[in-house]
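For reference, the structure discussed in these notes is given below.
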Amino acid sequence: MYPPRFEYAVAETLEEALAALERDGDEIKPLAGGQSLIPLMKLRFAAPAKLLDINRIGGLDGLAAQDGQLRIGALVRHKTCEQSELLKGKYGALGDAAPQISDPIVRNLGTVAGSLAHADPQGDWASVMLAVRAEVVARANGSERTIPIDELLQGPFTTSLEPREIVTEVRVPDPGARAGGTYLKLERKVGDFATAGVAVHVSMSNGTVDRAGIALTGVGPTNIRAEAAEQALAGHALDDDAIDEASRLAAEAAQPRADVRGTEEYKRNAIRVLTARGLRKVKEGHS
Ligand SMILES: Cc1cc2nc3c(=O)[nH]c(=O)nc-3n(C[C@H](O)[C@H](O)[C@H](O)COP(=O)(O)OP(=O)(O)OC[C@H]3O[C@@H](n4cnc5c(N)ncnc54)[C@H](O)[C@@H]3O)c2cc1C
């Protein structure tokens, strides 16, 4: 199906983009990789009067560890994350997630920030960012604020971003050298959205878990932080008992619905198994 008629504008600078958003309010939408927005328009689930292409804005495509944090510019593509040497070890949850997003065509164009702004509960990045406690920087004409990822995700396809705001950067705090993580995803076939997915991220200190991040994909109205599971790990060695208990609690936190991808029970069990596998993988990385 063709999308409804829309105007197309290109912003050359961030200031120009912010001014256009301020002026046109609800009528205009930023276009990044277009890998979610264009399909939505073709399906007639979205019909913005104007698209503002932000791809030519300079300085938004950096991926770097800087000032005690990982900084991911708004135009960093999934593909860049897939190929980055930086997204290993302590940032392994990010590096492991990137190649599991759809196919090479989508990964060449789609952006991390676009995925977070889109807030599809089956999107993989939001779980990863919940696990690593990321925050997004949102700029508007004359203002800037930093939004913790838990506050960004409000509901299915709904965020706390205002229409006049652009995400300029995603920031991940440096978890320290004794940290690791991964992302595991059950999909019906390569390139599919998750039947269920789990991001795990663990910081260790003196042989015990200092802080754990566990977040779930595709099993709720938003990506879900498995808070009880995270807390159950804190202060404990990453042994079999702790892993089993955290996996049980992660499955309990899931709110799956039966659909073509499986029953509630199947998805809940997938969360349990993926959480345990993820934590074991992280443990192996530390032994
Ligand atoms: C066939 C197919 C399979 C896919 N499979 C997966 C999958 O397995 N896992 C997965 O996670 N995703 C999947 N996706 C989605 C893909 O990851 C998208 O790239 C991503 O969701 C959106 O990024 P984008 O840059 O393409 O955003 P766009 O489509 O350009 O925009 C999406 C939304 O975010 C807004 N937006 C974009 N950038 C910004 C910004 N900087 N500031 C404020 N608002 C912004 C737009 O206005 C729009 O509302 C798939 C997509 C397709 C087409």
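FYI, nothing fancy with the structure tokens labels: chains A, B, ... in order, residues from 1 per chain, ligands from 1 as they appear.
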
All residues 10 Å or closer to A:Ala234, only C-alpha atoms, same chain fewer than 2 positions away omitted, as a list in words: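 Skipping anything fewer than 2 positions along the chain leaves Val202, Ser203, Met204, Thr208, Val209, Asp210, Arg211, Ala212, Gly213, Ala229, Glu230, Gln231, Ala232, His236, Ala237, Leu238 and Ala242 of chain A.
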
Close residues to ligand 1 using only C-alpha atoms and all ligand atoms, limit 6 Å, as JSON, numbers by chain: {"A": [29, 30, 31, 32, 33, 34, 35, 36, 37, 74, 101, 102, 106, 110, 111, 113, 114, 115, 117, 118, 123, 124, 125, 166, 167, 168, 191, 192, 193]}

Kindly export the residues of the current selection with N, CA and C atoms, as a PDB file, in the first residue's frame.
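Okay, this is what ended up in out-v2.pdb:
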```pdb
ATOM      1  N   LYS A  29       7.058  14.847  11.582  1.00  0.00           N
ATOM      2  CA  LYS A  29       7.781  13.762  12.277  1.00  0.00           C
ATOM      3  C   LYS A  29       9.202  13.700  11.748  1.00  0.00           C
ATOM      4  N   PRO A  30      10.190  13.545  12.664  1.00  0.00           N
ATOM      5  CA  PRO A  30      11.552  13.327  12.174  1.00  0.00           C
ATOM      6  C   PRO A  30      11.664  11.972  11.481  1.00  0.00           C
ATOM      7  N   LEU A  31      12.430  11.951  10.408  1.00  0.00           N
ATOM      8  CA  LEU A  31      12.687  10.703   9.674  1.00  0.00           C
ATOM      9  C   LEU A  31      14.168  10.375   9.831  1.00  0.00           C
ATOM     10  N   ALA A  32      14.460   9.228  10.461  1.00  0.00           N
ATOM     11  CA  ALA A  32      15.860   8.793  10.583  1.00  0.00           C
ATOM     12  C   ALA A  32      16.077   7.683   9.567  1.00  0.00           C
ATOM     13  N   GLY A  33      16.142   6.427  10.003  1.00  0.00           N
ATOM     14  CA  GLY A  33      16.339   5.327   9.044  1.00  0.00           C
ATOM     15  C   GLY A  33      15.089   4.995   8.244  1.00  0.00           C
ATOM     16  N   GLY A  34      13.940   5.420   8.753  1.00  0.00           N
ATOM     17  CA  GLY A  34      12.674   5.167   8.052  1.00  0.00           C
ATOM     18  C   GLY A  34      12.197   3.719   8.125  1.00  0.00           C
ATOM     19  N   GLN A  35      12.899   2.909   8.903  1.00  0.00           N
ATOM     20  CA  GLN A  35      12.591   1.474   8.902  1.00  0.00           C
ATOM     21  C   GLN A  35      11.392   1.105   9.772  1.00  0.00           C
ATOM     22  N   SER A  36      10.906   2.042  10.548  1.00  0.00           N
ATOM     23  CA  SER A  36       9.655   1.832  11.284  1.00  0.00           C
ATOM     24  C   SER A  36       8.590   2.819  10.813  1.00  0.00           C
ATOM     25  N   LEU A  37       9.002   4.072  10.614  1.00  0.00           N
ATOM     26  CA  LEU A  37       8.035   5.109  10.252  1.00  0.00           C
ATOM     27  C   LEU A  37       7.413   4.858   8.877  1.00  0.00           C
ATOM     28  N   ALA A  74      22.473  10.109  17.520  1.00  0.00           N
ATOM     29  CA  ALA A  74      21.129   9.777  17.031  1.00  0.00           C
ATOM     30  C   ALA A  74      21.141   9.104  15.663  1.00  0.00           C
ATOM     31  N   ILE A 101      19.081  -7.802  15.012  1.00  0.00           N
ATOM     32  CA  ILE A 101      17.978  -6.950  14.563  1.00  0.00           C
ATOM     33  C   ILE A 101      17.746  -7.170  13.071  1.00  0.00           C
ATOM     34  N   SER A 102      16.622  -7.725  12.768  1.00  0.00           N
ATOM     35  CA  SER A 102      16.170  -7.891  11.385  1.00  0.00           C
ATOM     36  C   SER A 102      17.258  -8.422  10.447  1.00  0.00           C
ATOM     37  N   VAL A 106      17.779  -3.587   6.824  1.00  0.00           N
ATOM     38  CA  VAL A 106      17.240  -2.797   7.935  1.00  0.00           C
ATOM     39  C   VAL A 106      18.384  -2.275   8.806  1.00  0.00           C
ATOM     40  N   GLY A 110      18.462   1.573   9.778  1.00  0.00           N
ATOM     41  CA  GLY A 110      17.803   1.841  11.059  1.00  0.00           C
ATOM     42  C   GLY A 110      18.791   2.343  12.102  1.00  0.00           C
ATOM     43  N   THR A 111      18.279   3.183  13.009  1.00  0.00           N
ATOM     44  CA  THR A 111      19.127   3.783  14.040  1.00  0.00           C
ATOM     45  C   THR A 111      18.702   3.309  15.435  1.00  0.00           C
ATOM     46  N   ALA A 113      18.615   5.280  18.118  1.00  0.00           N
ATOM     47  CA  ALA A 113      17.731   6.315  18.679  1.00  0.00           C
ATOM     48  C   ALA A 113      16.325   6.213  18.086  1.00  0.00           C
ATOM     49  N   GLY A 114      16.247   5.918  16.793  1.00  0.00           N
ATOM     50  CA  GLY A 114      14.938   5.769  16.146  1.00  0.00           C
ATOM     51  C   GLY A 114      14.164   4.618  16.755  1.00  0.00           C
ATOM     52  N   SER A 115      14.867   3.558  17.060  1.00  0.00           N
ATOM     53  CA  SER A 115      14.224   2.398  17.676  1.00  0.00           C
ATOM     54  C   SER A 115      13.656   2.763  19.046  1.00  0.00           C
ATOM     55  N   ALA A 117      12.830   5.824  20.074  1.00  0.00           N
ATOM     56  CA  ALA A 117      11.738   6.792  19.893  1.00  0.00           C
ATOM     57  C   ALA A 117      10.473   6.095  19.388  1.00  0.00           C
ATOM     58  N   HIS A 118      10.647   5.029  18.661  1.00  0.00           N
ATOM     59  CA  HIS A 118       9.515   4.280  18.101  1.00  0.00           C
ATOM     60  C   HIS A 118       8.800   3.461  19.195  1.00  0.00           C
ATOM     61  N   GLY A 123      10.816  -4.195  20.027  1.00  0.00           N
ATOM     62  CA  GLY A 123      12.130  -3.671  19.645  1.00  0.00           C
ATOM     63  C   GLY A 123      13.201  -4.195  20.600  1.00  0.00           C
ATOM     64  N   ASP A 124      14.357  -4.496  20.059  1.00  0.00           N
ATOM     65  CA  ASP A 124      15.411  -5.101  20.871  1.00  0.00           C
ATOM     66  C   ASP A 124      16.214  -4.073  21.674  1.00  0.00           C
ATOM     67  N   TRP A 125      16.421  -2.879  21.099  1.00  0.00           N
ATOM     68  CA  TRP A 125      17.310  -1.916  21.767  1.00  0.00           C
ATOM     69  C   TRP A 125      16.791  -1.460  23.123  1.00  0.00           C
ATOM     70  N   ILE A 166      13.966  16.259  19.663  1.00  0.00           N
ATOM     71  CA  ILE A 166      14.748  15.287  18.895  1.00  0.00           C
ATOM     72  C   ILE A 166      15.728  14.622  19.861  1.00  0.00           C
ATOM     73  N   VAL A 167      15.799  13.306  19.788  1.00  0.00           N
ATOM     74  CA  VAL A 167      16.847  12.615  20.544  1.00  0.00           C
ATOM     75  C   VAL A 167      18.159  12.865  19.809  1.00  0.00           C
ATOM     76  N   THR A 168      19.125  13.430  20.510  1.00  0.00           N
ATOM     77  CA  THR A 168      20.413  13.682  19.857  1.00  0.00           C
ATOM     78  C   THR A 168      21.443  12.610  20.204  1.00  0.00           C
ATOM     79  N   GLY A 191      15.751 -12.760  11.213  1.00  0.00           N
ATOM     80  CA  GLY A 191      15.185 -11.493  10.738  1.00  0.00           C
ATOM     81  C   GLY A 191      13.843 -11.163  11.348  1.00  0.00           C
ATOM     82  N   ASP A 192      13.275 -12.094  12.095  1.00  0.00           N
ATOM     83  CA  ASP A 192      11.955 -11.847  12.680  1.00  0.00           C
ATOM     84  C   ASP A 192      12.096 -11.004  13.956  1.00  0.00           C
ATOM     85  N   PHE A 193      10.980 -10.360  14.320  1.00  0.00           N
ATOM     86  CA  PHE A 193      10.922  -9.735  15.640  1.00  0.00           C
ATOM     87  C   PHE A 193      10.949 -10.843  16.686  1.00  0.00           C
TER      88      PHE A 193
END
```

Nearest-residue call for A:Cys81, choices A:Lys50, A:Arg107, A:Arg56, A:Arg257, using only C-alpha atoms: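 The answer is A:Arg107, which sits nearest to A:Cys81.
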
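Note that atom CA of A:Gly197 and atom CA of A:Lys267 are 9.4 Å apart.
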
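Non-sequential neighbours of stretch 268-272 of chain A (distance at most 9 Å, separation of 5 or more positions within a chain, only C-alpha atoms) are Leu186, Thr195, Ala196, Gly197, Val198, Leu216, Thr217, Val219, Asp244, Ala246, Ser247, Arg248, Leu249, Ala250, Ala251, Glu252, Ala253, Ala254, Gln255, Pro256, Thr263 and Arg277 of chain A.
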
Spatial neighbours of A:Arg133, 8 Å, only C-alpha atoms, chain gap at least 6 places, as an MDAnalysis selection string: chainID A and resid 148:149 172:173 213

Closest of A:Asn206, A:Tyr183, A:Ala20, A:Ile28 to A:Ala276 - atom-to-atom distances counting only C-alpha atoms: A:Tyr183

Strand (DSSP E) positions in stretch 125-216 of chain A, given as a VMD selection string: chain A and resid 135 to 140 143 to 148 153 to 155 158 to 159 166 to 173 179 to 186 196 to 205 208 to 216

Could the residues in this selection be written to a file with C-alpha atoms, as an mmCIF file, in the first residue's frame?
```cif
data_model
loop_
_atom_site.group_PDB
_atom_site.id
_atom_site.type_symbol
_atom_site.label_atom_id
_atom_site.label_comp_id
_atom_site.auth_asym_id
_atom_site.auth_seq_id
_atom_site.Cartn_x
_atom_site.Cartn_y
_atom_site.Cartn_z
ATOM 1 C CA GLU A 135 19.510 7.682 29.203
ATOM 2 C CA VAL A 136 18.599 9.684 26.144
ATOM 3 C CA VAL A 137 19.409 13.314 25.497
ATOM 4 C CA ALA A 138 16.418 15.165 24.039
ATOM 5 C CA ARG A 139 16.879 18.601 22.482
ATOM 6 C CA ALA A 140 14.153 21.116 21.713
ATOM 7 C CA SER A 143 16.256 23.497 25.789
ATOM 8 C CA GLU A 144 17.846 20.141 26.483
ATOM 9 C CA ARG A 145 16.947 17.409 28.942
ATOM 10 C CA THR A 146 18.206 13.956 29.818
ATOM 11 C CA ILE A 147 15.602 11.217 30.147
ATOM 12 C CA PRO A 148 16.364 7.925 31.952
ATOM 13 C CA LEU A 153 9.158 4.182 27.635
ATOM 14 C CA GLN A 154 5.551 4.931 28.540
ATOM 15 C CA GLY A 155 3.515 2.330 26.671
ATOM 16 C CA THR A 158 4.468 5.753 23.286
ATOM 17 C CA THR A 159 7.335 7.701 24.855
ATOM 18 C CA ILE A 166 14.748 15.287 18.895
ATOM 19 C CA VAL A 167 16.847 12.615 20.544
ATOM 20 C CA THR A 168 20.413 13.682 19.857
ATOM 21 C CA GLU A 169 22.259 11.020 21.799
ATOM 22 C CA VAL A 170 21.900 7.843 23.853
ATOM 23 C CA ARG A 171 24.269 7.608 26.819
ATOM 24 C CA VAL A 172 25.309 4.449 28.627
ATOM 25 C CA PRO A 173 27.172 4.820 31.934
ATOM 26 C CA ALA A 179 31.108 -5.941 33.936
ATOM 27 C CA GLY A 180 29.618 -7.945 31.106
ATOM 28 C CA GLY A 181 26.369 -8.584 29.344
ATOM 29 C CA THR A 182 24.589 -10.185 26.461
ATOM 30 C CA TYR A 183 21.319 -10.211 24.555
ATOM 31 C CA LEU A 184 19.517 -13.424 23.695
ATOM 32 C CA LYS A 185 16.554 -13.563 21.362
ATOM 33 C CA LEU A 186 14.188 -16.342 20.375
ATOM 34 C CA ALA A 196 10.903 -13.322 23.453
ATOM 35 C CA GLY A 197 14.198 -11.614 24.184
ATOM 36 C CA VAL A 198 16.304 -10.974 27.275
ATOM 37 C CA ALA A 199 19.065 -8.438 27.868
ATOM 38 C CA VAL A 200 21.343 -9.097 30.822
ATOM 39 C CA HIS A 201 24.081 -6.865 32.139
ATOM 40 C CA VAL A 202 26.025 -7.538 35.337
ATOM 41 C CA SER A 203 28.676 -5.545 37.212
ATOM 42 C CA MET A 204 30.775 -7.662 39.592
ATOM 43 C CA SER A 205 32.725 -6.587 42.642
ATOM 44 C CA THR A 208 29.633 -10.934 43.906
ATOM 45 C CA VAL A 209 27.106 -9.074 41.806
ATOM 46 C CA ASP A 210 27.308 -5.357 42.416
ATOM 47 C CA ARG A 211 24.484 -4.426 40.060
ATOM 48 C CA ALA A 212 22.394 -6.444 37.637
ATOM 49 C CA GLY A 213 20.269 -5.286 34.743
ATOM 50 C CA ILE A 214 17.700 -7.656 33.245
ATOM 51 C CA ALA A 215 15.090 -6.555 30.701
ATOM 52 C CA LEU A 216 12.594 -8.405 28.541
#
```

Interatomic distance, atom CA of A:Pro175 to atom CA of A:Lys90 (Å, one decimal):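 Separation between atom CA of A:Pro175 and atom CA of A:Lys90: 6.9 Å.
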
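The space between atom CA of A:Lys283 and atom CA of A:Glu82 spans 22.6 Å.
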